[in-house]
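Asker: The structure under discussion is supplied below as structure tokens; questions concerning it will follow.
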Amino acid sequence: MPCQYEKPRFPRRWRTLLPRLVGLLLLQFFSPARGHTQTAAQEKPVPILSGTVGVLPGITAGQTLLDVQFNPVLLVPLGERWLLESRGEFEGEFQRAPGARSFGGPVNKHLDYLQADYIANPYLTVTAGRFLTPFGIFNERLYPMWIRALQPDPLILRIATATSDGAMLRGGFPVSVRATFNYAAYVSVPSVGLEGVESERHVGGRAGFFFPGPRLEVGGSWQKALQDTRKNSVGLHVAWQPREVPLSLHSEFVRSDQGSGYWIEGAYRLSQARFWEKAMRRTEVVARGQQYFGGNLGADAAQSLGLPGVNTREADFGMNYFLKDGLKSVVSYGRQFSSAGNFNQWTFGIAYRFLIPLGRESHQ
Amino acid sequence: MALSLPVLAGSSNRKEVLAGLPVVHSTDVDTMRTQGEQRFRTNCGRCHAAPQKFPPRAMATVLRHMRVRATITDQDMRLVLFYMTQ
């Protein structure tokens, strides 16, 4: 029987803050639509084809690899409140066989997301379909090659980020002049997607506060698997872009049955350099440190999920040069340490984000 | 610049933009622009390098996408759109 004097599970401040937040959320969901149009767009939006093309030759543990990616994103706005969005992934991971001249290997295809978003009111968007699981920040916000500051994936990326097929509620609103709140809550059911990619049955959510003054975001994620282990995964994330220096810091921590770990990454634009100013303004140097600690999965099960088979540490350093809007060249070096063997990882290449409007501009 | 005309041309259009912004009570376009730029700087470089301006209708789609993806508030989006389509 639970003891009467059990320590409260939430600190006092949370106990007072939580009901207020829930109240605010409920009030806003059911608030009547405003008289004017609800969407941010006053211009009639057109469909867009966007996405990334990337070519990344590299050397991992002495093996030369060529990674070629094409990730088209299709955005189709409908009316004032709807958006259909989809992203596909075509990735060729080519290797050169010993003695051969050319590279060869499989091309993987994957439907990353195909979802319908309905902007119900200024505070709530309802999403249905296949969507990127909003656990932590990398999967949903930093994954595309043109966005990520270092091309190798964080070691913990695959924890609690399996594809979701289902429904999601999300949104953001100011809670004071100094802070905005953002949230996502989702439920996913099992289904079989392209190339046999199976989504999981799980529920979860993410919430965060963004403080525009210091440009700091702090948030947490939670997910509960509704199959097999029915275990919980929890995550914390921080993103900070101090105003005084051109630095961008991101970090994630996760704890789950599949393993635990963290990564912390800083990207620094050399825009304050006093020499070669034009070139320096376009240059960014990056460093990331990370660790993964194995969970209750065996090594084989972990590796089949894309996680390391043993406890692993990794340090990466890189430099990006922004040639023009959406186009950057990248180079990075990393070293991985684990009982399975240490190795180096070099990556070079270019990533380009294209954007093609699929409609005429003049409309009135 | 020619592309930005539809936003400001019809006064009804302009009123609508302004109506959605409880923070900006004045119809001062300069204030809107300054606020929009501020919101753009604060929000649009958080996850990726801040993008260039695209034609207004394309920008409207991008911002709808970002609003959903980045859970940026409705108010910030209106101001950013105003700024981005100037």
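Labeling convention for the structure tokens: chains A, B, ... as they appear, residues from 1 per chain, ligands from 1 in order of appearance.
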Considering only C-alpha atoms, give me a table of residues in chain A that are at most 7 Å from chain B, with the closest atom pair and distance in Å for each, as JSON lines.

Answerer:
{"residue": "A:His36", "atom": "CA", "partner": "B:Glu16", "partner_atom": "CA", "distance": 6.7}
{"residue": "A:Ala40", "atom": "CA", "partner": "B:Arg78", "partner_atom": "CA", "distance": 4.7}
{"residue": "A:Ala41", "atom": "CA", "partner": "B:Ala60", "partner_atom": "CA", "distance": 5.1}
{"residue": "A:Gln42", "atom": "CA", "partner": "B:Val17", "partner_atom": "CA", "distance": 6.8}
{"residue": "A:Glu43", "atom": "CA", "partner": "B:Arg57", "partner_atom": "CA", "distance": 5.5}
{"residue": "A:Lys44", "atom": "CA", "partner": "B:Arg57", "partner_atom": "CA", "distance": 5.7}
{"residue": "A:Pro45", "atom": "CA", "partner": "B:Arg57", "partner_atom": "CA", "distance": 4.6}
{"residue": "A:Val46", "atom": "CA", "partner": "B:Arg57", "partner_atom": "CA", "distance": 5.7}
{"residue": "A:Ile48", "atom": "CA", "partner": "B:Ala58", "partner_atom": "CA", "distance": 6.9}
{"residue": "A:Pro77", "atom": "CA", "partner": "B:Thr61", "partner_atom": "CA", "distance": 6.6}
{"residue": "A:Pro122", "atom": "CA", "partner": "B:Asp74", "partner_atom": "CA", "distance": 5.3}
{"residue": "A:Thr125", "atom": "CA", "partner": "B:Val68", "partner_atom": "CA", "distance": 6.9}
{"residue": "A:Arg141", "atom": "CA", "partner": "B:Cys47", "partner_atom": "CA", "distance": 6.4}
{"residue": "A:Leu142", "atom": "CA", "partner": "B:Cys47", "partner_atom": "CA", "distance": 6.5}
{"residue": "A:Ile147", "atom": "CA", "partner": "B:His48", "partner_atom": "CA", "distance": 5.1}
{"residue": "A:Gly171", "atom": "CA", "partner": "B:Thr71", "partner_atom": "CA", "distance": 5.0}
{"residue": "A:Gly172", "atom": "CA", "partner": "B:Thr71", "partner_atom": "CA", "distance": 5.0}
{"residue": "A:Phe173", "atom": "CA", "partner": "B:Thr73", "partner_atom": "CA", "distance": 5.1}
{"residue": "A:Asn182", "atom": "CA", "partner": "B:Thr71", "partner_atom": "CA", "distance": 6.0}
{"residue": "A:Pro212", "atom": "CA", "partner": "B:Thr42", "partner_atom": "CA", "distance": 6.4}
{"residue": "A:Arg215", "atom": "CA", "partner": "B:Thr42", "partner_atom": "CA", "distance": 6.8}
{"residue": "A:Asp325", "atom": "CA", "partner": "B:Pro51", "partner_atom": "CA", "distance": 6.2}
{"residue": "A:Pro357", "atom": "CA", "partner": "B:Ala58", "partner_atom": "CA", "distance": 5.8}
{"residue": "A:Glu361", "atom": "CA", "partner": "B:Arg57", "partner_atom": "CA", "distance": 6.1}

Asker: Atom CA of A:Gln303 and atom CA of A:Asn342 are how many Å apart?

Answerer: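 We find that atom CA of A:Gln303 and atom CA of A:Asn342 lie 16.8 Å from each other.
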
Asker: Mind checking which residues fall within 7 Å of A:Trp146, counting only C-alpha atoms, ignoring those fewer than 3 positions away in the same chain, and posting them as a ChimeraX atom specification?

Answerer: /A:52,326,351-353

Asker: Would you export the selected residues with C-alpha atoms as a short mmCIF file (atom, residue, chain, number, x, y, z; two decimals), in the first residue's frame, please?

Answerer:
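Heads up, here's the output in again.cif:
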data_model
loop_
_atom_site.label_atom_id
_atom_site.label_comp_id
_atom_site.auth_asym_id
_atom_site.auth_seq_id
_atom_site.Cartn_x
_atom_site.Cartn_y
_atom_site.Cartn_z
CA THR A 52 18.12 17.77 -50.38
CA GLY A 326 21.00 26.09 -49.19
CA ALA A 351 24.72 19.13 -49.55
CA TYR A 352 22.18 21.21 -51.41
CA ARG A 353 18.65 22.19 -50.44
#

Asker: In Å, how far is it from atom CA of A:Leu84 to atom CA of A:Ala116?

Answerer: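 Atom-to-atom, atom CA of A:Leu84 to atom CA of A:Ala116, that is 4.5 Å.
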
Asker: Enumerate the residues of stretch 267-322 of chain A with a DSSP assignment of helix (DSSP H, G or I), computed from the backbone, and present them as a ChimeraX atom specification.

Answerer: /A:270-272,277-281,299-304

Asker: Taking the DSSP assignment computed from this structure's backbone, write out as a count of residues only all residues of stretch 128-301 of chain A that belong to strand (DSSP E).

Answerer: 89

Asker: For A:Gly208, which of A:Arg170, A:Arg81, A:Lys224, A:Arg243 is the closest residue, counting only C-alpha atoms?

Answerer: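 Of A:Arg170, A:Arg81, A:Lys224, A:Arg243, the one nearest A:Gly208, counting only C-alpha atoms, is A:Arg170.
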
Asker: In Å to one decimal, how far is atom CA of A:Gly220 from atom CA of A:Val234?

Answerer: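 For atom CA of A:Val234 relative to atom CA of A:Gly220, the distance reads 7.4 Å.
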
Asker: Could you give me, as a compact mmCIF listing (two decimals) with C-alpha atoms, in the first residue's frame, the residues within 6 Å of A:Ile59, counting only C-alpha atoms and dropping anything in the same chain fewer than 3 positions from it?

Answerer:
# COMPACT_ATOMS: atom_id res chain seq x y z
CA GLY A 62 39.82 2.38 -43.69
CA GLN A 63 36.98 1.53 -46.07
CA THR A 64 36.16 4.05 -48.82
CA LEU A 65 32.43 4.71 -49.10
CA GLN A 345 35.68 8.32 -39.84
CA TRP A 346 36.29 10.95 -42.50

Asker: Counting only C-alpha atoms, what is within 12 Å of A:Ser164, bar same-chain residues fewer than 4 positions away, as a count of residues only?

Answerer: 37

Asker: Give the answer as one residue: which of A:Ser338, A:Gln241, A:Ile156, A:Arg178 has the shortest atom-to-atom distance to A:Leu305, using only C-alpha atoms?

Answerer: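 The shortest atom-to-atom distance to A:Leu305 comes from A:Ile156.
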
Asker: If you count only C-alpha atoms, which residues fall within 7 Å of A:Gly104, apart from same-chain ones fewer than 5 positions away, as a compact mmCIF listing (two decimals) with N, CA, C and O atoms, in the first residue's frame?

Answerer:
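As a result, out_27.txt now contains:
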# COMPACT_ATOMS: atom_id res chain seq x y z
N PHE A 94 27.46 3.28 -51.46
CA PHE A 94 28.29 2.53 -52.40
C PHE A 94 29.69 2.29 -51.84
O PHE A 94 30.27 3.17 -51.23
N GLN A 95 30.21 1.09 -52.13
CA GLN A 95 31.57 0.76 -51.70
C GLN A 95 32.36 0.32 -52.91
O GLN A 95 31.79 -0.15 -53.88
N ARG A 96 33.67 0.43 -52.80
CA ARG A 96 34.50 -0.07 -53.89
C ARG A 96 35.04 -1.43 -53.48
O ARG A 96 35.74 -1.55 -52.47
